[in-house]
Amino acid sequence: MFPQPKPTLPSDEMVRLYEHMVQIRLLDERAIKLQRSGRIGFYVTANGEEAAVIGTVAALQPTDWLFPAYRQIGCLLYRGYPLDSAIGQLFGNTVDATKGRQMPCHHSSAAHRFVSPSSVIGTQIVHAAGGGLTAKLQGKGDVSVTYFGDGATSANDFHSGLTFAGAYKTPTIFVCINNQYAISLPVSKQCGASQLSDKAVGYGVHGERVAGHDLEAIHTAMSQAVYRARQGDGPSLIEILTYRKDPHSSSDDANRYRPAEEAEQWPDPIATTRDTLIGRGVWSAEQDALLIGRLGQQIQQAIQRVQPLPLPGPESLFEDVYATLPPHLQQQRHALLTELSKTAGQQALVEEFPL
Ligand SMILES: Cc1ncc(C[n+]2csc(CCOP(=O)(O)OP(=O)(O)O)c2C)c(N)n1
């Protein structure tokens, strides 16, 4: 009923995926500069995880559900989410779909089946198990996919989510991006298992580990997991082994808890993929430079468009929960706007939202 996954990526497809990987890297580099220059408050990169993100999302259909953590902006861009919206979320301004209510990097888009991430580690794992059961009951062949880090495998929600998915044989794929650290805590200090994918067996879930710099291997493992899930053969845990090349976020200094030279032992997914493509004769250094220039310019232009936009107005605080605002919230909105009108010239809003 469903097509068997192909074991390798055709070269033109691999080039296409490589371009998405480069886009993530360039956006990360630019966003960190925005953070360092005080223009956005916070950022987390996917540096070292680009093949994990793109190799997995590329094995899915746009109708499959994603339950991400905070390093998977690349999945959303891969699915066609506008760059302006992605960057607007970092600024929390009027093109931010989350209206400035979330931390930067906590994107969500119902249209792209990219469910709102929570900062609380591991919560998305149970949501994805439930999403998998929903997909199974609907019977359309959709799968649900969740992304989380090595640290999240020690959270209660990992146990709950995999127990549920294994028991109900949900079409869920648990993608654990093992980047070696949960902030400052190395994997070896938070878990006694020799590999995290071994945990799957106790839940009746297929488990497998794959190298994080190997785009094709990731894509193949994911395609096979998707195939099993769509066939009704239940969930998989895919551990993607890589290294977090940057600090945990823009808020910490990794030099305080790990030696700088450690990163050099881990292959870079971008360089590995680029070299593979050049080695196959389907890519060149000149094309690479042109790509970096083109994507960098797109990002720069999007920032120039988005950065000047205003922040959401204070009245937006009261939107999106109730179809009809209850009287006590109407009173609070009026009181807030009346108060602000005294200092910030918001009289027009008071008139727009009278009691
Ligand atoms: C339940 C919970 N505990 C602790 C934290 C603080 N915290 C934020 S990120 C993080 C590390 C997560 O590491 P990992 O799951 O490996 O993901 P990574 O950031 O490496 O991608 C921690 C401990 C949190 N957000 N939620």
# chains A, B, ... in the order shown; residues from 1 in each chain; ligands from 1
$ residues_near_ligand --ligand "ligand 1" --cutoff "7 Å" --atoms "only C-alpha atoms and all ligand atoms" --output "list of chain:residue names"
A:Arg71, A:Ser119, A:Val120, A:Ile121, A:Gly122, A:Phe148, A:Gly149, A:Asp150, A:Gly151, A:Ala152, A:Ala155, A:Ile177, A:Asn178, A:Asn179, A:Tyr181, A:Ala182, A:Ile183, A:His248
$ write_last_selection --atoms "N, CA and C atoms" --output "PDB file, in the first residue's frame"
ATOM      1  N   ARG A  71      15.009  23.175  18.587  1.00  0.00           N
ATOM      2  CA  ARG A  71      16.101  23.290  17.607  1.00  0.00           C
ATOM      3  C   ARG A  71      15.657  22.862  16.201  1.00  0.00           C
ATOM      4  N   SER A 119       8.875  24.736  26.513  1.00  0.00           N
ATOM      5  CA  SER A 119      10.253  24.775  27.029  1.00  0.00           C
ATOM      6  C   SER A 119      10.492  23.651  28.025  1.00  0.00           C
ATOM      7  N   VAL A 120       9.422  23.101  28.547  1.00  0.00           N
ATOM      8  CA  VAL A 120       9.570  22.060  29.572  1.00  0.00           C
ATOM      9  C   VAL A 120      10.018  20.776  28.872  1.00  0.00           C
ATOM     10  N   ILE A 121      11.180  20.299  29.243  1.00  0.00           N
ATOM     11  CA  ILE A 121      11.823  19.214  28.500  1.00  0.00           C
ATOM     12  C   ILE A 121      10.960  17.949  28.477  1.00  0.00           C
ATOM     13  N   GLY A 122      10.745  17.417  27.294  1.00  0.00           N
ATOM     14  CA  GLY A 122      10.122  16.100  27.131  1.00  0.00           C
ATOM     15  C   GLY A 122       8.620  16.089  26.978  1.00  0.00           C
ATOM     16  N   PHE A 148      13.536  15.372  20.291  1.00  0.00           N
ATOM     17  CA  PHE A 148      13.978  15.731  21.646  1.00  0.00           C
ATOM     18  C   PHE A 148      15.451  15.389  21.779  1.00  0.00           C
ATOM     19  N   GLY A 149      16.057  15.867  22.853  1.00  0.00           N
ATOM     20  CA  GLY A 149      17.492  15.649  23.047  1.00  0.00           C
ATOM     21  C   GLY A 149      17.790  14.464  23.932  1.00  0.00           C
ATOM     22  N   ASP A 150      19.082  14.214  24.118  1.00  0.00           N
ATOM     23  CA  ASP A 150      19.496  13.112  24.995  1.00  0.00           C
ATOM     24  C   ASP A 150      18.982  13.337  26.419  1.00  0.00           C
ATOM     25  N   GLY A 151      19.015  14.591  26.869  1.00  0.00           N
ATOM     26  CA  GLY A 151      18.556  14.886  28.227  1.00  0.00           C
ATOM     27  C   GLY A 151      17.110  14.485  28.435  1.00  0.00           C
ATOM     28  N   ALA A 152      16.298  14.659  27.406  1.00  0.00           N
ATOM     29  CA  ALA A 152      14.861  14.366  27.525  1.00  0.00           C
ATOM     30  C   ALA A 152      14.592  12.885  27.735  1.00  0.00           C
ATOM     31  N   ALA A 155      13.639  12.158  31.209  1.00  0.00           N
ATOM     32  CA  ALA A 155      12.424  12.781  31.746  1.00  0.00           C
ATOM     33  C   ALA A 155      11.301  11.748  31.849  1.00  0.00           C
ATOM     34  N   ILE A 177      17.754  13.412  19.187  1.00  0.00           N
ATOM     35  CA  ILE A 177      19.013  13.977  18.674  1.00  0.00           C
ATOM     36  C   ILE A 177      19.980  14.044  19.852  1.00  0.00           C
ATOM     37  N   ASN A 178      20.839  13.043  19.889  1.00  0.00           N
ATOM     38  CA  ASN A 178      21.805  12.940  20.991  1.00  0.00           C
ATOM     39  C   ASN A 178      23.013  13.807  20.632  1.00  0.00           C
ATOM     40  N   ASN A 179      22.990  15.028  21.179  1.00  0.00           N
ATOM     41  CA  ASN A 179      24.097  15.959  20.881  1.00  0.00           C
ATOM     42  C   ASN A 179      25.126  15.988  22.016  1.00  0.00           C
ATOM     43  N   TYR A 181      25.096  16.537  25.158  1.00  0.00           N
ATOM     44  CA  TYR A 181      24.961  17.359  26.363  1.00  0.00           C
ATOM     45  C   TYR A 181      23.525  17.794  26.594  1.00  0.00           C
ATOM     46  N   ALA A 182      23.126  17.808  27.868  1.00  0.00           N
ATOM     47  CA  ALA A 182      21.903  18.486  28.291  1.00  0.00           C
ATOM     48  C   ALA A 182      22.389  19.727  29.050  1.00  0.00           C
ATOM     49  N   ILE A 183      22.432  20.820  28.384  1.00  0.00           N
ATOM     50  CA  ILE A 183      23.162  22.027  28.829  1.00  0.00           C
ATOM     51  C   ILE A 183      24.585  21.604  29.175  1.00  0.00           C
ATOM     52  N   HIS A 248      24.748  25.541  24.699  1.00  0.00           N
ATOM     53  CA  HIS A 248      23.337  25.122  24.732  1.00  0.00           C
ATOM     54  C   HIS A 248      22.443  26.192  24.099  1.00  0.00           C
TER      55      HIS A 248
END
$ select_by_dssp --residues "region 64-308 of chain A" --states "helix (DSSP H, G or I)" --output "JSON, numbers by chain"
{"A": [73, 74, 75, 76, 77, 78, 83, 84, 85, 86, 87, 88, 89, 90, 91, 110, 111, 112, 123, 124, 125, 126, 127, 128, 129, 130, 131, 132, 133, 134, 135, 136, 137, 138, 151, 152, 153, 154, 156, 157, 158, 159, 160, 161, 162, 163, 164, 165, 166, 167, 168, 187, 188, 189, 190, 196, 197, 198, 199, 200, 201, 202, 203, 215, 216, 217, 218, 219, 220, 221, 222, 223, 224, 225, 226, 227, 228, 229, 230, 231, 254, 255, 256, 260, 261, 262, 263, 264, 265, 269, 270, 271, 272, 273, 274, 275, 276, 277, 278, 279, 285, 286, 287, 288, 289, 290, 291, 292, 293, 294, 295, 296, 297, 298, 299, 300, 301, 302, 303, 304, 305, 306]}
$ residues_around --residues "region 16-33 of chain A" --least-positions-apart "6" --cutoff "8 Å" --atoms "only C-alpha atoms" --output "mmCIF file with N, CA, C and O atoms, in the first residue's frame"
data_model
loop_
_atom_site.group_PDB
_atom_site.id
_atom_site.type_symbol
_atom_site.label_atom_id
_atom_site.label_comp_id
_atom_site.auth_asym_id
_atom_site.auth_seq_id
_atom_site.Cartn_x
_atom_site.Cartn_y
_atom_site.Cartn_z
ATOM 1 N N TYR A 43 18.494 32.787 21.730
ATOM 2 C CA TYR A 43 18.486 31.930 20.538
ATOM 3 C C TYR A 43 19.115 30.580 20.877
ATOM 4 O O TYR A 43 20.011 30.492 21.717
ATOM 5 N N VAL A 44 18.632 29.537 20.220
ATOM 6 C CA VAL A 44 19.297 28.225 20.284
ATOM 7 C C VAL A 44 19.612 27.798 18.858
ATOM 8 O O VAL A 44 18.749 27.889 17.988
ATOM 9 N N THR A 45 20.801 27.335 18.618
ATOM 10 C CA THR A 45 21.171 26.923 17.260
ATOM 11 C C THR A 45 20.956 25.410 17.083
ATOM 12 O O THR A 45 20.766 24.667 18.047
ATOM 13 N N ALA A 46 21.055 24.994 15.811
ATOM 14 C CA ALA A 46 21.026 23.562 15.472
ATOM 15 C C ALA A 46 22.385 23.166 14.894
ATOM 16 O O ALA A 46 22.461 22.224 14.096
ATOM 17 N N ASN A 47 23.428 23.866 15.296
ATOM 18 C CA ASN A 47 24.763 23.638 14.740
ATOM 19 C C ASN A 47 25.258 22.218 15.062
ATOM 20 O O ASN A 47 25.469 21.876 16.225
ATOM 21 N N GLU A 50 22.013 19.693 11.614
ATOM 22 C CA GLU A 50 21.303 20.043 10.369
ATOM 23 C C GLU A 50 20.888 18.802 9.585
ATOM 24 O O GLU A 50 19.789 18.748 9.019
ATOM 25 N N ALA A 51 21.769 17.797 9.528
ATOM 26 C CA ALA A 51 21.413 16.574 8.784
ATOM 27 C C ALA A 51 20.307 15.817 9.519
ATOM 28 O O ALA A 51 19.420 15.220 8.891
ATOM 29 N N ILE A 54 16.983 17.851 8.697
ATOM 30 C CA ILE A 54 16.518 17.795 7.297
ATOM 31 C C ILE A 54 16.376 16.345 6.812
ATOM 32 O O ILE A 54 15.416 16.012 6.107
ATOM 33 N N GLY A 55 17.278 15.473 7.221
ATOM 34 C CA GLY A 55 17.184 14.072 6.787
ATOM 35 C C GLY A 55 15.918 13.394 7.278
ATOM 36 O O GLY A 55 15.380 12.495 6.614
ATOM 37 N N ALA A 58 12.527 15.320 5.629
ATOM 38 C CA ALA A 58 12.416 15.054 4.192
ATOM 39 C C ALA A 58 11.841 13.665 3.904
ATOM 40 O O ALA A 58 11.424 13.392 2.779
ATOM 41 N N ILE A 73 13.689 24.520 13.816
ATOM 42 C CA ILE A 73 13.147 25.529 12.904
ATOM 43 C C ILE A 73 13.327 25.075 11.452
ATOM 44 O O ILE A 73 12.524 25.389 10.581
ATOM 45 N N GLY A 74 14.366 24.273 11.209
ATOM 46 C CA GLY A 74 14.638 23.787 9.854
ATOM 47 C C GLY A 74 13.490 22.942 9.307
ATOM 48 O O GLY A 74 13.233 22.955 8.099
ATOM 49 N N TYR A 78 11.640 23.905 5.928
ATOM 50 C CA TYR A 78 11.592 22.862 4.891
ATOM 51 C C TYR A 78 10.168 22.728 4.351
ATOM 52 O O TYR A 78 9.964 22.500 3.160
ATOM 53 N N SER A 250 22.116 30.910 23.606
ATOM 54 C CA SER A 250 22.862 32.170 23.650
ATOM 55 C C SER A 250 23.143 32.595 25.095
ATOM 56 O O SER A 250 23.805 33.595 25.324
ATOM 57 N N ILE A 270 27.384 19.532 7.665
ATOM 58 C CA ILE A 270 27.361 20.363 6.439
ATOM 59 C C ILE A 270 28.591 20.048 5.588
ATOM 60 O O ILE A 270 28.488 19.780 4.386
ATOM 61 N N THR A 273 28.389 16.519 4.043
ATOM 62 C CA THR A 273 27.450 16.413 2.913
ATOM 63 C C THR A 273 28.018 17.134 1.700
ATOM 64 O O THR A 273 27.959 16.616 0.575
ATOM 65 N N ARG A 274 28.575 18.326 1.933
ATOM 66 C CA ARG A 274 29.156 19.078 0.813
ATOM 67 C C ARG A 274 30.273 18.263 0.145
ATOM 68 O O ARG A 274 30.313 18.121 -1.086
ATOM 69 N N LEU A 291 25.582 29.516 -3.437
ATOM 70 C CA LEU A 291 24.461 29.146 -2.555
ATOM 71 C C LEU A 291 24.518 29.948 -1.256
ATOM 72 O O LEU A 291 23.505 30.517 -0.815
ATOM 73 N N ILE A 292 25.697 29.986 -0.658
ATOM 74 C CA ILE A 292 25.848 30.700 0.619
ATOM 75 C C ILE A 292 25.518 32.189 0.419
ATOM 76 O O ILE A 292 24.829 32.794 1.246
ATOM 77 N N LEU A 295 21.517 32.434 -0.160
ATOM 78 C CA LEU A 295 20.719 32.204 1.045
ATOM 79 C C LEU A 295 20.991 33.275 2.103
ATOM 80 O O LEU A 295 20.079 33.722 2.809
ATOM 81 N N GLY A 296 22.274 33.678 2.199
ATOM 82 C CA GLY A 296 22.627 34.722 3.168
ATOM 83 C C GLY A 296 21.895 36.020 2.857
ATOM 84 O O GLY A 296 21.389 36.704 3.749
ATOM 85 N N ILE A 299 18.225 35.838 3.850
ATOM 86 C CA ILE A 299 18.055 35.990 5.309
ATOM 87 C C ILE A 299 18.224 37.463 5.694
ATOM 88 O O ILE A 299 17.421 38.023 6.452
#
$ closest_residue --among "A:Cys75, A:Ile125, A:Met14, A:Cys176" --to "Leu241 (chain A)" --atoms "only C-alpha atoms"
A:Cys176
$ residues_around --residues "Val143 (chain A)" --least-positions-apart "6" --cutoff "9 Å" --atoms "only C-alpha atoms" --output "number ranges by chain"
A: 60-61, 63-66, 131-132, 135-136, 170-173, 226, 229-230
$ select_by_dssp --residues "region 136-311 of chain A" --states "strand (DSSP E or B)" --output "number ranges by chain"
A: 144-149, 172-178, 181-182, 185-186, 206-211, 236-241
$ closest_atom_pairs --of "region 93-199 of chain A" --to "region 79-82 of chain A" --cutoff "10 Å" --atoms "only C-alpha atoms" --output "CSV"
residue,atom,partner,partner_atom,distance
A:Ser108,CA,A:Tyr81,CA,9.9
A:Ser109,CA,A:Tyr81,CA,8.2
A:Ala111,CA,A:Tyr81,CA,9.0
A:His112,CA,A:Arg79,CA,6.5
A:Arg113,CA,A:Arg79,CA,9.3
A:Phe114,CA,A:Arg79,CA,9.4
$ closest_residue --among "A:Phe164, A:Glu239, A:Ala271, A:Lys245" --to "Pro259 (chain A)" --atoms "only C-alpha atoms"
A:Lys245
$ residues_around --residues "Leu325 (chain A)" --least-positions-apart "5" --cutoff "12 Å" --atoms "only C-alpha atoms" --output "ChimeraX atom specification"
/A:315,317-320,330-334,353,355
$ closest_residue --among "A:Phe174, A:Lys140, A:Thr98, A:Glu49" --to "His127 (chain A)" --atoms "only C-alpha atoms"
A:Phe174
$ atom_distance --atom1 "CA of Leu76 (chain A)" --atom2 "CA of Ala110 (chain A)"
10.7 Å
$ residues_around --residues "Ala165 (chain A)" --least-positions-apart "5" --cutoff "9 Å" --atoms "only C-alpha atoms" --output "list in words"
Val126, Ala128, Ala129, Gly130, Gly132, Leu133, Ser160, Thr170, Pro171, Thr172, Tyr203, Gly204, Val205, Gly234 and Pro235 of chain A
$ write_last_selection --atoms "N, CA, C and O atoms" --output "compact mmCIF listing (two decimals), in the first residue's frame"
# COMPACT_ATOMS: atom_id res chain seq x y z
N VAL A 126 4.97 12.85 24.98
CA VAL A 126 3.63 12.29 25.23
C VAL A 126 2.62 12.84 24.23
O VAL A 126 1.69 12.13 23.81
N ALA A 128 3.17 13.52 21.19
CA ALA A 128 3.35 12.78 19.92
C ALA A 128 2.77 11.38 20.01
O ALA A 128 2.25 10.85 19.01
N ALA A 129 2.86 10.78 21.18
CA ALA A 129 2.24 9.45 21.34
C ALA A 129 0.73 9.57 21.15
O ALA A 129 0.10 8.78 20.43
N GLY A 130 0.14 10.59 21.77
CA GLY A 130 -1.30 10.84 21.60
C GLY A 130 -1.63 11.20 20.15
O GLY A 130 -2.65 10.74 19.61
N GLY A 132 -0.07 10.19 17.62
CA GLY A 132 0.03 8.94 16.87
C GLY A 132 -1.25 8.12 16.99
O GLY A 132 -1.73 7.54 16.01
N LEU A 133 -1.81 8.11 18.20
CA LEU A 133 -3.06 7.36 18.38
C LEU A 133 -4.18 8.01 17.56
O LEU A 133 -4.98 7.32 16.91
N SER A 160 6.57 7.71 29.80
CA SER A 160 5.11 7.68 29.55
C SER A 160 4.83 7.57 28.06
O SER A 160 3.97 6.79 27.63
N THR A 170 1.26 2.87 18.21
CA THR A 170 0.93 4.10 17.47
C THR A 170 1.96 4.35 16.37
O THR A 170 3.13 3.97 16.51
N PRO A 171 1.55 5.00 15.29
CA PRO A 171 2.50 5.34 14.22
C PRO A 171 3.32 6.58 14.60
O PRO A 171 3.17 7.64 14.00
N THR A 172 4.16 6.42 15.62
CA THR A 172 4.93 7.55 16.14
C THR A 172 6.42 7.28 15.96
O THR A 172 6.88 6.17 16.22
N TYR A 203 10.15 -1.11 25.70
CA TYR A 203 8.80 -0.59 25.42
C TYR A 203 8.14 -1.31 24.24
O TYR A 203 7.05 -0.93 23.82
N GLY A 204 8.84 -2.26 23.65
CA GLY A 204 8.31 -2.91 22.45
C GLY A 204 8.35 -1.98 21.25
O GLY A 204 7.50 -2.02 20.36
N VAL A 205 9.35 -1.12 21.24
CA VAL A 205 9.50 -0.13 20.18
C VAL A 205 10.77 -0.46 19.40
O VAL A 205 11.78 -0.86 19.99
N GLY A 234 3.89 -0.07 14.09
CA GLY A 234 4.17 0.60 15.35
C GLY A 234 5.32 1.58 15.34
O GLY A 234 5.88 1.92 14.29
N PRO A 235 5.68 2.03 16.56
CA PRO A 235 6.61 3.14 16.71
C PRO A 235 8.08 2.76 16.61
O PRO A 235 8.45 1.58 16.72
$ closest_residue --among "A:Val201, A:Val187, A:Val175, A:Ala302" --to "Thr163 (chain A)" --atoms "only C-alpha atoms"
A:Val201
$ residues_around --residues "Ser316 (chain A)" --least-positions-apart "6" --cutoff "12 Å" --atoms "only C-alpha atoms" --output "NGL selection string"
:A and (93-94 or 97-101 or 333 or 336-337 or 349 or 353)
$ closest_residue --among "A:Leu77, A:Pro327, A:Asn156, A:Lys169" --to "Gly232 (chain A)" --atoms "only C-alpha atoms"
A:Lys169
$ decode --residues "region 144-176 of chain A" --atoms "N, CA and C atoms" --output "CSV table (one decimal), in the first residue's frame"
chain,number,residue,atom,x,y,z
A,144,SER,N,3.0,10.5,13.4
A,144,SER,CA,3.4,11.7,14.2
A,144,SER,C,4.9,11.5,14.6
A,145,VAL,N,5.6,12.6,14.6
A,145,VAL,CA,7.1,12.6,14.8
A,145,VAL,C,7.4,13.6,15.9
A,146,THR,N,8.2,13.1,16.9
A,146,THR,CA,8.7,14.1,17.9
A,146,THR,C,10.2,14.1,17.9
A,147,TYR,N,10.7,15.3,18.2
A,147,TYR,CA,12.1,15.5,18.3
A,147,TYR,C,12.5,15.9,19.8
A,148,PHE,N,13.5,15.4,20.3
A,148,PHE,CA,14.0,15.7,21.6
A,148,PHE,C,15.5,15.4,21.8
A,149,GLY,N,16.1,15.9,22.9
A,149,GLY,CA,17.5,15.6,23.0
A,149,GLY,C,17.8,14.5,23.9
A,150,ASP,N,19.1,14.2,24.1
A,150,ASP,CA,19.5,13.1,25.0
A,150,ASP,C,19.0,13.3,26.4
A,151,GLY,N,19.0,14.6,26.9
A,151,GLY,CA,18.6,14.9,28.2
A,151,GLY,C,17.1,14.5,28.4
A,152,ALA,N,16.3,14.7,27.4
A,152,ALA,CA,14.9,14.4,27.5
A,152,ALA,C,14.6,12.9,27.7
A,153,THR,N,15.5,12.0,27.4
A,153,THR,CA,15.3,10.6,27.6
A,153,THR,C,15.3,10.2,29.1
A,154,SER,N,15.8,11.1,29.9
A,154,SER,CA,15.7,10.9,31.4
A,154,SER,C,14.5,11.5,32.0
A,155,ALA,N,13.6,12.2,31.2
A,155,ALA,CA,12.4,12.8,31.7
A,155,ALA,C,11.3,11.7,31.8
A,156,ASN,N,10.4,12.0,32.8
A,156,ASN,CA,9.3,11.0,33.0
A,156,ASN,C,8.5,10.9,31.7
A,157,ASP,N,8.3,12.0,30.9
A,157,ASP,CA,7.5,11.9,29.7
A,157,ASP,C,8.1,11.0,28.7
A,158,PHE,N,9.4,10.7,28.7
A,158,PHE,CA,9.9,9.8,27.8
A,158,PHE,C,9.3,8.4,28.1
A,159,HIS,N,9.3,8.1,29.4
A,159,HIS,CA,8.8,6.8,29.8
A,159,HIS,C,7.3,6.7,29.5
A,160,SER,N,6.6,7.7,29.8
A,160,SER,CA,5.1,7.7,29.6
A,160,SER,C,4.8,7.6,28.1
A,161,GLY,N,5.5,8.4,27.3
A,161,GLY,CA,5.3,8.4,25.8
A,161,GLY,C,5.6,7.1,25.2
A,162,LEU,N,6.7,6.5,25.5
A,162,LEU,CA,7.1,5.3,24.8
A,162,LEU,C,6.3,4.1,25.3
A,163,THR,N,5.9,4.1,26.6
A,163,THR,CA,5.0,3.1,27.1
A,163,THR,C,3.7,3.1,26.4
A,164,PHE,N,3.1,4.3,26.2
A,164,PHE,CA,1.8,4.4,25.5
A,164,PHE,C,2.0,4.0,24.1
A,165,ALA,N,3.0,4.5,23.4
A,165,ALA,CA,3.1,4.3,22.0
A,165,ALA,C,3.4,2.8,21.7
A,166,GLY,N,4.2,2.1,22.6
A,166,GLY,CA,4.4,0.7,22.4
A,166,GLY,C,3.2,-0.1,22.7
A,167,ALA,N,2.4,0.3,23.7
A,167,ALA,CA,1.2,-0.5,24.0
A,167,ALA,C,0.1,-0.4,23.0
A,168,TYR,N,0.0,0.8,22.4
A,168,TYR,CA,-1.1,1.1,21.4
A,168,TYR,C,-0.6,0.9,20.0
A,169,LYS,N,0.7,0.6,19.9
A,169,LYS,CA,1.3,0.5,18.5
A,169,LYS,C,1.0,1.7,17.7
A,170,THR,N,1.3,2.9,18.2
A,170,THR,CA,0.9,4.1,17.5
A,170,THR,C,2.0,4.3,16.4
A,171,PRO,N,1.5,5.0,15.3
A,171,PRO,CA,2.5,5.3,14.2
A,171,PRO,C,3.3,6.6,14.6
A,172,THR,N,4.2,6.4,15.6
A,172,THR,CA,4.9,7.6,16.1
A,172,THR,C,6.4,7.3,16.0
A,173,ILE,N,7.1,8.3,15.5
A,173,ILE,CA,8.6,8.2,15.4
A,173,ILE,C,9.2,9.1,16.4
A,174,PHE,N,10.0,8.6,17.3
A,174,PHE,CA,10.6,9.3,18.4
A,174,PHE,C,12.1,9.6,17.9
A,175,VAL,N,12.3,10.8,17.6
A,175,VAL,CA,13.7,11.2,17.0
A,175,VAL,C,14.5,11.8,18.2
A,176,CYS,N,15.4,11.1,18.7
A,176,CYS,CA,16.3,11.6,19.8
A,176,CYS,C,17.6,12.1,19.2
